[in-house]
Amino acid sequence: MDELIDLLAEVSSGFQLRLNDLNSPRELKLAPFQARLLAVIGRRPGCSQQELAARTGRDKAQVARTIKELKARGFLARSAHASDWRSHSLTVTAEGERASALISRDRAALGIETTLDLTPEERRVMIQALAKMKRRLVAVDAGPERS
């Protein structure tokens, strides 16, 4: 089991290093976390700040600062959430869509390059296995009374 944990950590670290070194965020003059948040919002229009904090594992204050920075640069728009008056829905603007598409293109190229030696079936199985592991981690975090 240690080998699996170590391997997952090494793959995660390797991806993070390469994601931080993508060309598109540099071209757009975005910090790595700004680029990541913009890409997530581009894929999940209407998401909330709370959803972004949960999805990225970052604290709400850091997410709020980054949203404010991206909004000031014209990449994001914020509107009242349809079902929760206390939160806002985030969407990309036309400029944000262009930037998000560039970032997503680079991320996809990295994904293709790193999974080149896997068959489509191996990729499918890996996605399913990692999703199960993620669900289990969430259940463990919730504690025995909630899982």
# chains A, B, ... in the order shown; residues from 1 in each chain; ligands from 1
call {"tool": "residues_around", "arguments": {"residues": "Arg98 in chain A", "least_positions_apart": "6", "cutoff": "10 Å", "atoms": "only C-alpha atoms", "output": "PyMOL selection string"}}
result
chain A and resi 42+75+92+104
call {"tool": "write_last_selection", "arguments": {"atoms": "C-alpha atoms", "output": "PDB file, in the first residue's frame"}}
result
ATOM      1  CA  GLY A  42     -14.856  27.763 -17.471  1.00  0.00           C
ATOM      2  CA  PHE A  75     -12.137  37.402 -16.869  1.00  0.00           C
ATOM      3  CA  VAL A  92     -16.399  33.580 -17.440  1.00  0.00           C
ATOM      4  CA  SER A 104      -7.804  24.027 -21.085  1.00  0.00           C
TER       5      SER A 104
END
call {"tool": "residues_around", "arguments": {"residues": "Leu8 in chain A", "least_positions_apart": "5", "cutoff": "12 Å", "atoms": "only C-alpha atoms", "output": "list in words"}}
result
Met1, Asp2, Glu3, Ser13, Gly14, Phe15, Met126, Leu130 and Met133 of chain A
call {"tool": "write_last_selection", "arguments": {"atoms": "C-alpha atoms", "output": "compact mmCIF listing (two decimals), in the first residue's frame"}}
result
# COMPACT_ATOMS: atom_id res chain seq x y z
CA MET A 1 0.00 0.00 0.00
CA ASP A 2 2.91 2.36 0.68
CA GLU A 3 3.98 1.96 -2.94
CA SER A 13 3.54 16.38 -7.66
CA GLY A 14 4.72 15.81 -11.22
CA PHE A 15 1.42 17.05 -12.63
CA MET A 126 -8.02 4.69 -13.78
CA LEU A 130 -9.43 7.45 -8.65
CA MET A 133 -10.62 6.79 -3.89
call {"tool": "select_by_dssp", "arguments": {"residues": "chain A", "states": "strand (DSSP E or B)", "output": "list in words"}}
result
Cys47, Leu76, Ala77, Arg78, Ser79, Ala80, His88, Ser89, Leu90, Thr91 and Val92 of chain A
call {"tool": "residues_around", "arguments": {"residues": "range 29-38 of chain A", "least_positions_apart": "5", "cutoff": "8 Å", "atoms": "only C-alpha atoms", "output": "number ranges by chain"}}
result
A: 19-20, 52, 56, 66, 70, 75, 92, 96, 99-100, 103
call {"tool": "decode", "arguments": {"residues": "range 2-71 of chain A", "atoms": "C-alpha atoms", "output": "compact mmCIF listing (two decimals), in the first residue's frame"}}
result
# COMPACT_ATOMS: atom_id res chain seq x y z
CA ASP A 2 2.91 2.36 0.68
CA GLU A 3 3.98 1.96 -2.94
CA LEU A 4 0.53 3.06 -4.15
CA ILE A 5 0.46 6.08 -1.84
CA ASP A 6 3.99 7.09 -2.85
CA LEU A 7 3.23 6.66 -6.54
CA LEU A 8 0.04 8.74 -6.32
CA ALA A 9 1.94 11.49 -4.49
CA GLU A 10 4.73 11.45 -7.08
CA VAL A 11 2.29 11.60 -10.00
CA SER A 12 0.35 14.40 -8.31
CA SER A 13 3.54 16.38 -7.66
CA GLY A 14 4.72 15.81 -11.22
CA PHE A 15 1.42 17.05 -12.63
CA GLN A 16 1.45 20.08 -10.35
CA LEU A 17 4.96 21.04 -11.47
CA ARG A 18 4.04 20.73 -15.13
CA LEU A 19 0.72 22.55 -14.69
CA ASN A 20 2.59 25.41 -13.02
CA ASP A 21 4.91 25.53 -16.03
CA LEU A 22 2.26 25.71 -18.78
CA ASN A 23 2.70 28.44 -21.40
CA SER A 24 -0.86 29.78 -21.43
CA PRO A 25 -0.89 31.18 -17.86
CA ARG A 26 2.42 32.95 -18.52
CA GLU A 27 1.07 34.38 -21.80
CA LEU A 28 -2.03 35.58 -19.96
CA LYS A 29 0.06 36.86 -17.02
CA LEU A 30 -1.81 34.63 -14.59
CA ALA A 31 -0.46 32.95 -11.48
CA PRO A 32 -0.91 29.14 -11.48
CA PHE A 33 -3.83 29.26 -9.03
CA GLN A 34 -5.54 32.02 -11.02
CA ALA A 35 -5.26 29.87 -14.15
CA ARG A 36 -6.58 26.82 -12.32
CA LEU A 37 -9.57 28.70 -10.92
CA LEU A 38 -10.36 30.23 -14.31
CA ALA A 39 -10.22 26.78 -15.94
CA VAL A 40 -12.55 25.31 -13.29
CA ILE A 41 -15.07 28.13 -13.69
CA GLY A 42 -14.86 27.76 -17.47
CA ARG A 43 -15.77 24.07 -17.12
CA ARG A 44 -18.39 24.68 -14.41
CA PRO A 45 -20.24 27.91 -15.21
CA GLY A 46 -22.45 29.12 -12.39
CA CYS A 47 -20.33 27.60 -9.63
CA SER A 48 -20.04 29.37 -6.29
CA GLN A 49 -17.05 30.51 -4.29
CA GLN A 50 -17.75 27.77 -1.75
CA GLU A 51 -17.77 25.11 -4.49
CA LEU A 52 -14.43 26.41 -5.76
CA ALA A 53 -12.89 26.24 -2.29
CA ALA A 54 -14.06 22.64 -1.91
CA ARG A 55 -12.95 21.63 -5.42
CA THR A 56 -9.48 23.20 -5.16
CA GLY A 57 -8.78 22.46 -1.51
CA ARG A 58 -7.94 26.13 -0.88
CA ASP A 59 -9.34 28.29 1.89
CA LYS A 60 -12.26 30.60 1.18
CA ALA A 61 -10.18 33.76 1.67
CA GLN A 62 -7.64 32.74 -0.99
CA VAL A 63 -10.43 31.81 -3.40
CA ALA A 64 -12.19 35.13 -2.71
CA ARG A 65 -8.98 37.11 -3.39
CA THR A 66 -8.36 35.23 -6.61
CA ILE A 67 -11.93 35.73 -7.80
CA LYS A 68 -11.61 39.45 -7.08
CA GLU A 69 -8.35 39.60 -9.09
CA LEU A 70 -9.83 37.69 -12.05
CA LYS A 71 -12.97 39.85 -11.97
